[in-house]
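Asker: Contents of work.txt (compact mmCIF, C-alpha atoms) are below:
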```txt
# COMPACT_ATOMS: atom_id res chain seq x y z
CA MET F 30 -3.09 1.22 7.27
CA VAL F 31 -0.23 -0.09 5.13
CA GLY F 32 0.13 2.88 2.80
CA ASN F 33 0.59 0.74 -0.31
CA THR F 34 -2.24 -0.23 -2.64
CA THR F 35 -0.64 -3.48 -3.79
CA GLU F 36 0.05 -4.62 -0.25
CA ALA F 37 -3.48 -3.61 0.79
CA GLU F 38 -4.90 -5.77 -2.02
CA ASP F 39 -2.75 -8.71 -0.88
CA LEU F 40 -3.93 -8.26 2.70
CA THR F 41 -7.56 -8.07 1.54
CA GLN F 42 -7.13 -11.39 -0.23
CA GLU F 43 -5.52 -12.87 2.90
CA ALA F 44 -8.45 -11.59 4.98
CA PHE F 45 -10.99 -13.33 2.80
CA LEU F 46 -8.97 -16.54 2.72
CA LEU F 47 -8.80 -16.46 6.51
CA LEU F 48 -12.54 -15.73 6.58
CA LEU F 49 -13.18 -18.94 4.64
CA ARG F 50 -11.02 -20.91 7.09
CA LYS F 51 -12.41 -19.29 10.26
CA ILE F 52 -16.10 -18.69 9.45
CA HIS F 53 -17.04 -21.56 11.76
CA THR F 54 -15.64 -19.58 14.74
CA PHE F 55 -18.14 -16.73 14.23
CA ARG F 56 -20.44 -16.95 17.24
CA GLY F 57 -23.02 -14.35 16.19
CA GLU F 58 -22.64 -12.35 19.41
CA SER F 59 -21.90 -9.24 17.38
CA ALA F 60 -22.56 -8.02 13.87
CA PHE F 61 -20.82 -10.03 11.14
CA SER F 62 -19.29 -6.82 9.79
CA THR F 63 -17.70 -6.15 13.18
CA TRP F 64 -16.20 -9.63 13.28
CA LEU F 65 -14.89 -9.33 9.70
CA HIS F 66 -13.43 -5.88 10.43
CA ARG F 67 -11.58 -7.22 13.47
CA LEU F 68 -10.27 -10.16 11.43
CA ALA F 69 -8.97 -7.81 8.69
CA VAL F 70 -7.39 -5.39 11.17
CA ASN F 71 -5.64 -8.28 12.93
CA ILE F 72 -4.16 -9.47 9.63
CA VAL F 73 -2.83 -5.98 8.90
CA LEU F 74 -1.38 -5.62 12.39
CA MET F 75 0.32 -9.00 12.13
CA ARG F 76 1.92 -7.96 8.82
CA LEU F 77 3.08 -4.65 10.30
CA ARG F 78 4.64 -6.48 13.26
CA LYS F 79 6.55 -8.79 10.91
CA LYS F 80 7.77 -5.96 8.70
CA SER F 81 11.11 -4.58 9.85
CA PRO F 82 11.81 -0.86 9.51
CA PRO F 83 14.22 0.17 6.74
CA ILE F 84 17.86 0.21 7.81
CA VAL F 85 19.71 3.31 6.68
CA SER F 86 23.33 4.00 7.42
CA ILE F 87 24.04 7.34 9.04
CA GLU F 88 27.16 7.71 6.91
CA ALA F 89 25.31 6.99 3.67
CA THR F 90 24.69 10.04 1.52
CA PRO F 91 21.52 10.14 -0.53
CA ASP F 92 22.16 9.72 -4.26
CA SER F 93 20.30 12.30 -6.34
CA ASN F 94 19.90 9.72 -9.13
CA ASP F 95 18.54 7.09 -6.74
CA GLU F 96 14.88 6.29 -7.42
CA ALA F 97 14.36 5.32 -3.77
CA GLY F 98 15.15 8.88 -2.73
CA SER F 99 11.50 9.45 -1.87
CA GLN F 100 11.79 6.67 0.73
CA SER F 101 14.98 8.02 2.31
CA ILE F 102 14.90 8.96 5.96
CA ASP F 103 15.63 12.52 7.00
CA ILE F 104 17.70 12.18 10.17
CA ALA F 105 16.52 15.51 11.63
CA ALA F 106 12.83 15.03 10.79
CA PRO F 107 10.37 14.06 13.51
CA ASP F 108 9.50 10.37 13.58
CA LEU F 109 5.79 10.29 12.77
CA LEU F 110 5.49 6.59 13.60
CA LEU F 111 6.90 7.25 17.07
CA GLU F 112 4.62 10.24 17.59
CA GLY F 113 1.64 8.08 16.60
CA SER F 114 2.72 5.43 19.09
CA ILE F 115 2.99 8.02 21.84
CA ASP F 116 -0.47 9.33 20.94
CA ARG F 117 -1.89 5.80 21.14
CA ILE F 118 -0.25 5.28 24.55
CA ASN F 119 -1.68 8.56 25.84
CA LEU F 120 -5.12 7.70 24.46
CA ALA F 121 -5.00 4.29 26.15
CA ARG F 122 -4.05 5.94 29.45
CA CYS F 123 -6.92 8.40 29.16
CA ILE F 124 -9.38 5.61 28.31
CA ALA F 125 -8.16 3.74 31.40
CA GLN F 126 -8.99 6.82 33.50
CA LEU F 127 -12.64 6.82 32.41
CA PRO F 128 -15.18 5.61 34.96
CA VAL F 129 -15.93 1.91 34.49
CA GLY F 130 -19.42 2.43 32.99
CA TYR F 131 -18.21 5.03 30.49
CA ARG F 132 -15.16 2.96 29.59
CA THR F 133 -17.20 -0.22 29.04
CA ILE F 134 -19.62 1.40 26.61
CA PHE F 135 -16.87 3.40 24.88
CA VAL F 136 -14.80 0.25 24.29
CA LEU F 137 -17.80 -1.79 23.15
CA HIS F 138 -19.02 0.86 20.71
CA ASP F 139 -16.01 2.82 19.46
CA ILE F 140 -13.31 0.17 19.66
CA GLN F 141 -15.05 -3.17 19.22
CA GLY F 142 -17.76 -1.84 16.91
CA TYR F 143 -20.92 -3.00 18.66
CA GLN F 144 -24.17 -1.15 17.89
CA HIS F 145 -26.18 0.49 20.69
CA ASN F 146 -28.90 -2.17 20.58
CA GLU F 147 -26.23 -4.89 20.95
CA ILE F 148 -24.60 -3.04 23.86
CA ALA F 149 -27.96 -2.60 25.56
CA GLU F 150 -28.62 -6.33 25.23
CA ILE F 151 -25.13 -7.30 26.47
CA LEU F 152 -25.24 -4.98 29.50
CA GLY F 153 -28.97 -5.26 30.25
CA ARG F 154 -29.54 -1.53 29.78
CA SER F 155 -31.66 0.58 27.48
CA VAL F 156 -30.45 1.84 24.09
CA GLY F 157 -30.89 5.41 25.35
CA ASP F 158 -28.65 4.67 28.33
CA SER F 159 -25.99 3.27 25.99
CA LYS F 160 -26.11 6.39 23.82
CA SER F 161 -26.03 8.70 26.83
CA GLN F 162 -23.10 6.89 28.45
CA LEU F 163 -21.17 6.92 25.16
CA HIS F 164 -21.70 10.67 24.79
CA LYS F 165 -20.54 11.27 28.38
CA ALA F 166 -17.55 8.97 27.86
CA ARG F 167 -16.47 10.87 24.74
CA MET F 168 -16.84 14.22 26.51
CA ARG F 169 -14.80 13.01 29.50
CA LEU F 170 -12.18 11.49 27.21
CA ARG F 171 -11.90 14.80 25.37
CA GLU F 172 -11.38 16.59 28.72
CA LEU F 173 -8.69 14.09 29.77
CA LEU F 174 -6.84 14.47 26.46
CA HIS F 175 -6.98 18.28 26.76
CA GLU F 176 -5.63 18.03 30.31
CA HIS F 177 -2.80 15.87 29.03
CA GLN F 178 -1.99 18.41 26.29
CA ARG F 179 -2.01 21.27 28.82
CA GLU F 180 0.33 19.32 31.13
CA LYS F 181 2.66 18.58 28.22
CA ALA F 182 2.70 22.25 27.14
CA ARG F 183 3.32 23.33 30.76
CA ASP F 184 6.21 20.87 31.09
CA GLU F 185 7.72 22.14 27.83
CA ARG F 186 7.42 25.77 29.02
CA LEU F 187 9.04 24.89 32.37
CA ALA F 188 11.89 23.05 30.62
CA ALA F 189 12.43 26.02 28.26
CA ALA F 190 12.37 28.46 31.18
CA LYS F 191 14.88 26.33 33.08
CA ILE F 192 17.24 26.25 30.09
CA LEU F 193 16.81 29.99 29.61
CA SER F 194 17.52 30.74 33.28
CA ARG F 195 20.68 28.60 33.15
CA SER F 196 21.91 30.40 30.05
CA ILE F 197 21.19 33.80 31.62
CA GLU F 198 23.09 32.83 34.78
CA GLY F 199 26.12 31.91 32.68
CA PHE F 200 26.16 35.33 30.98
CA ALA F 201 25.26 37.55 33.93
CA PRO F 202 27.35 40.77 34.05
CA LEU F 203 29.82 41.16 36.87
CA ALA F 204 29.72 44.27 39.08
CA PRO F 205 32.51 45.30 41.42
CA ASN F 206 31.86 44.89 45.14
CA GLN F 207 32.74 48.28 46.55
CA SER F 208 33.72 47.07 50.02
CA GLU F 209 36.21 44.38 48.98
CA GLY F 210 37.03 45.29 45.40
CA ARG F 211 35.98 41.83 44.11
CA GLN F 212 33.74 40.99 41.17
CA VAL F 213 30.29 39.64 42.11
CA CYS F 214 27.40 38.55 40.02
CA SER F 215 24.47 40.97 39.89
CA MET F 216 21.09 40.13 38.47
```
Reformat the file's structure so that it appears as structure tokens.
Answerer:
Amino acid sequence: MVGNTTEAEDLTQEAFLLLLRKIHTFRGESAFSTWLHRLAVNIVLMRLRKKSPPIVSIEATPDSNDEAGSQSIDIAAPDLLLEGSIDRINLARCIAQLPVGYRTIFVLHDIQGYQHNEIAEILGRSVGDSKSQLHKARMRLRELLHEHQREKARDERLAAAKILSRSIEGFAPLAPNQSEGRQVCSM
């Protein structure tokens, strides 16, 4: 998650120190591994929130002798962090569109890390029902994400067609109007 081995080791140590301080808050309602995973992820997310993005001047020219050249930002390159954020927003919107039963089991299993037997106990359902609902939730989520991609592609095609039609209108040949001797646009 942090992309740096040294920082990951530091965060691992922080996670275990926090574990020692917070072990008394573990209620046993889920698997210990789930609780520890959530604790570790929260530590990483807190560090990422604190970390400010690198500031690079637009006027600055990259120095070929500079060792930090691998960390330089290409102004014209797509921002992968932004694209990831947009993907997370779209995923959250699609999850919100799931029916309540599907969404509940999907969130409990795939996001919070509960096992099917734990979900069945929490919701008062059978393990088979939990597995079935999770499968249906994933299938529906896949459909919603595909719909979103199709809508995005359609919007991009419409925008490109609109730009193309405007550029064609600007370069349309003029033909003389025989009755008045004026130039008119013909398409």
Asker: Could you give me, as a PyMOL selection string, the residues within 9 Å of Gly157 of chain F, counting only C-alpha atoms and dropping anything in the same chain fewer than 5 positions from it?
Answerer: chain F and resi 145+149+162
Asker: Could you write out the selected residues, including C-alpha atoms, as a PDB file, keeping the file's coordinate frame?
Answerer:
```
ATOM      1  CA  HIS F 145     -26.180   0.490  20.690  1.00  0.00           C
ATOM      2  CA  ALA F 149     -27.960  -2.600  25.560  1.00  0.00           C
ATOM      3  CA  GLN F 162     -23.100   6.890  28.450  1.00  0.00           C
TER       4      GLN F 162
END
```
Asker: Find the residues around Asn146 of chain F up to 8 Å (all atoms listed in the file counted), leave out those fewer than 3 positions away in its own chain, and share them as a ChimeraX atom specification.
Answerer: /F:149-150,155-156
Asker: Taking (-14.9, 13.9, 28.5) in the file's coordinates, which residues come within 12 Å, counting only C-alpha atoms, written as a list in words?
Answerer: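 Protein and nucleic acid residues near the point are Cys123, Ile124, Gln126, Leu127, Pro128, Tyr131, Arg132, Phe135, Gln162, Leu163, His164, Lys165, Ala166, Arg167, Met168, Arg169, Leu170, Arg171, Glu172, Leu173, Leu174, His175 and Glu176 of chain F.
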Asker: Between atom CA of Glu180 of chain F and atom CA of Glu198 of chain F, what is the spacing in Å?
Answerer: 26.7 Å
Asker: One decimal, Å: what's the distance from atom CA of Leu40 of chain F over to atom CA of Ala69 of chain F, could you say?
Answerer: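 Result for atom CA of Leu40 of chain F versus atom CA of Ala69 of chain F: 7.8 Å, one decimal.
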Asker: To box segment 45-57 of chain F, take all atoms listed in the file, fit an axis-aligned box, add 6 Å on each side, and give centre and edge lengths in Å to one decimal, as AutoDock Vina command-line options.
Answerer:
```
--center_x -15.9 --center_y -17.4 --center_z 10.0 --size_x 26.2 --size_y 20.2 --size_z 26.5
```
Asker: Could you state the separation of atom CA of Tyr143 of chain F and atom CA of Arg56 of chain F in Å, given to one decimal place?
Answerer: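 Atom CA of Arg56 of chain F lies at a distance of 14.0 Å from atom CA of Tyr143 of chain F.
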Asker: Leu49 of chain F: which residues within 12 Å, counting all atoms listed in the file, same-chain residues fewer than 6 positions away excluded, as a list in words?
Answerer: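 The neighbour list is Gln42, Glu43, Phe55, Leu65 and Leu68 of chain F.
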Asker: Using all atoms listed in the file, pick whichever of F:Ser161, F:Gly57, F:Arg76, F:His177 has the shortest atom-to-atom distance to Asp116 of chain F.
Answerer: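 The closest residue to Asp116 of chain F is F:His177.
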Asker: Select, from F:Arg117, F:Arg195, F:His138, F:Arg186, the residue with the minimum atom-to-atom distance to Thr63 of chain F, counting all atoms listed in the file.
Answerer: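 For Thr63 of chain F, the nearest of the given residues is F:His138.
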Asker: I want to know what sits within 12 Å of Ile72 of chain F, based on only C-alpha atoms, with residues of the same chain fewer than 5 positions away left out; could you give that as an NGL selection string?
Answerer: :F and (30-31 or 36-37 or 39-48 or 65-67 or 77-79)
Asker: Generate N, CA, C and O atoms for segment 122-146 of chain F and emit them as a CSV table (one decimal), in the frame of the given file.
Answerer:
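Saved the output as rebuild-v1.csv:
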```csv
chain,number,residue,atom,x,y,z
F,122,ARG,N,-4.1,5.5,28.0
F,122,ARG,CA,-4.0,5.9,29.4
F,122,ARG,C,-5.3,6.7,29.8
F,122,ARG,O,-5.8,6.6,30.9
F,123,CYS,N,-5.7,7.6,28.9
F,123,CYS,CA,-6.9,8.4,29.2
F,123,CYS,C,-8.2,7.5,29.2
F,123,CYS,O,-9.0,7.7,30.0
F,124,ILE,N,-8.2,6.5,28.3
F,124,ILE,CA,-9.4,5.6,28.3
F,124,ILE,C,-9.4,4.9,29.6
F,124,ILE,O,-10.5,4.6,30.2
F,125,ALA,N,-8.2,4.5,30.1
F,125,ALA,CA,-8.2,3.7,31.4
F,125,ALA,C,-8.6,4.6,32.6
F,125,ALA,O,-9.1,4.1,33.6
F,126,GLN,N,-8.6,5.9,32.4
F,126,GLN,CA,-9.0,6.8,33.5
F,126,GLN,C,-10.5,7.1,33.5
F,126,GLN,O,-11.0,7.6,34.5
F,127,LEU,N,-11.2,6.6,32.5
F,127,LEU,CA,-12.6,6.8,32.4
F,127,LEU,C,-13.3,6.0,33.5
F,127,LEU,O,-12.8,4.9,33.8
F,128,PRO,N,-14.4,6.5,34.0
F,128,PRO,CA,-15.2,5.6,35.0
F,128,PRO,C,-15.6,4.3,34.3
F,128,PRO,O,-15.8,4.3,33.0
F,129,VAL,N,-15.7,3.2,35.0
F,129,VAL,CA,-15.9,1.9,34.5
F,129,VAL,C,-17.1,1.9,33.5
F,129,VAL,O,-17.0,1.3,32.4
F,130,GLY,N,-18.2,2.5,33.9
F,130,GLY,CA,-19.4,2.4,33.0
F,130,GLY,C,-19.2,3.1,31.7
F,130,GLY,O,-19.5,2.6,30.6
F,131,TYR,N,-18.5,4.3,31.7
F,131,TYR,CA,-18.2,5.0,30.5
F,131,TYR,C,-17.2,4.2,29.6
F,131,TYR,O,-17.4,4.1,28.4
F,132,ARG,N,-16.2,3.7,30.3
F,132,ARG,CA,-15.2,3.0,29.6
F,132,ARG,C,-15.7,1.7,28.9
F,132,ARG,O,-15.4,1.4,27.8
F,133,THR,N,-16.6,1.0,29.6
F,133,THR,CA,-17.2,-0.2,29.0
F,133,THR,C,-18.0,0.1,27.8
F,133,THR,O,-17.7,-0.6,26.7
F,134,ILE,N,-18.8,1.1,27.8
F,134,ILE,CA,-19.6,1.4,26.6
F,134,ILE,C,-18.7,2.0,25.5
F,134,ILE,O,-18.9,1.7,24.3
F,135,PHE,N,-17.8,2.8,25.9
F,135,PHE,CA,-16.9,3.4,24.9
F,135,PHE,C,-16.1,2.3,24.1
F,135,PHE,O,-16.0,2.3,22.9
F,136,VAL,N,-15.6,1.3,24.9
F,136,VAL,CA,-14.8,0.2,24.3
F,136,VAL,C,-15.7,-0.6,23.4
F,136,VAL,O,-15.3,-1.0,22.3
F,137,LEU,N,-16.9,-1.0,23.9
F,137,LEU,CA,-17.8,-1.8,23.2
F,137,LEU,C,-18.2,-1.1,21.8
F,137,LEU,O,-18.2,-1.7,20.8
F,138,HIS,N,-18.5,0.2,21.9
F,138,HIS,CA,-19.0,0.9,20.7
F,138,HIS,C,-17.9,1.3,19.8
F,138,HIS,O,-17.9,1.0,18.6
F,139,ASP,N,-17.0,2.2,20.3
F,139,ASP,CA,-16.0,2.8,19.5
F,139,ASP,C,-14.8,2.0,19.1
F,139,ASP,O,-14.1,2.2,18.1
F,140,ILE,N,-14.5,1.0,19.9
F,140,ILE,CA,-13.3,0.2,19.7
F,140,ILE,C,-13.7,-1.2,19.1
F,140,ILE,O,-13.2,-1.6,18.1
F,141,GLN,N,-14.7,-1.8,19.7
F,141,GLN,CA,-15.0,-3.2,19.2
F,141,GLN,C,-16.2,-3.1,18.2
F,141,GLN,O,-16.4,-4.1,17.5
F,142,GLY,N,-16.8,-2.0,18.0
F,142,GLY,CA,-17.8,-1.8,16.9
F,142,GLY,C,-19.2,-2.3,17.2
F,142,GLY,O,-19.9,-2.5,16.2
F,143,TYR,N,-19.6,-2.6,18.4
F,143,TYR,CA,-20.9,-3.0,18.7
F,143,TYR,C,-21.9,-1.8,18.4
F,143,TYR,O,-21.5,-0.7,18.7
F,144,GLN,N,-23.1,-2.2,18.1
F,144,GLN,CA,-24.2,-1.2,17.9
F,144,GLN,C,-24.8,-0.9,19.3
F,144,GLN,O,-24.7,-1.8,20.2
F,145,HIS,N,-25.6,0.2,19.4
F,145,HIS,CA,-26.2,0.5,20.7
F,145,HIS,C,-27.2,-0.6,21.1
F,145,HIS,O,-27.2,-0.9,22.3
F,146,ASN,N,-27.9,-1.1,20.2
F,146,ASN,CA,-28.9,-2.2,20.6
F,146,ASN,C,-28.2,-3.4,21.1
F,146,ASN,O,-28.6,-4.1,22.0
```
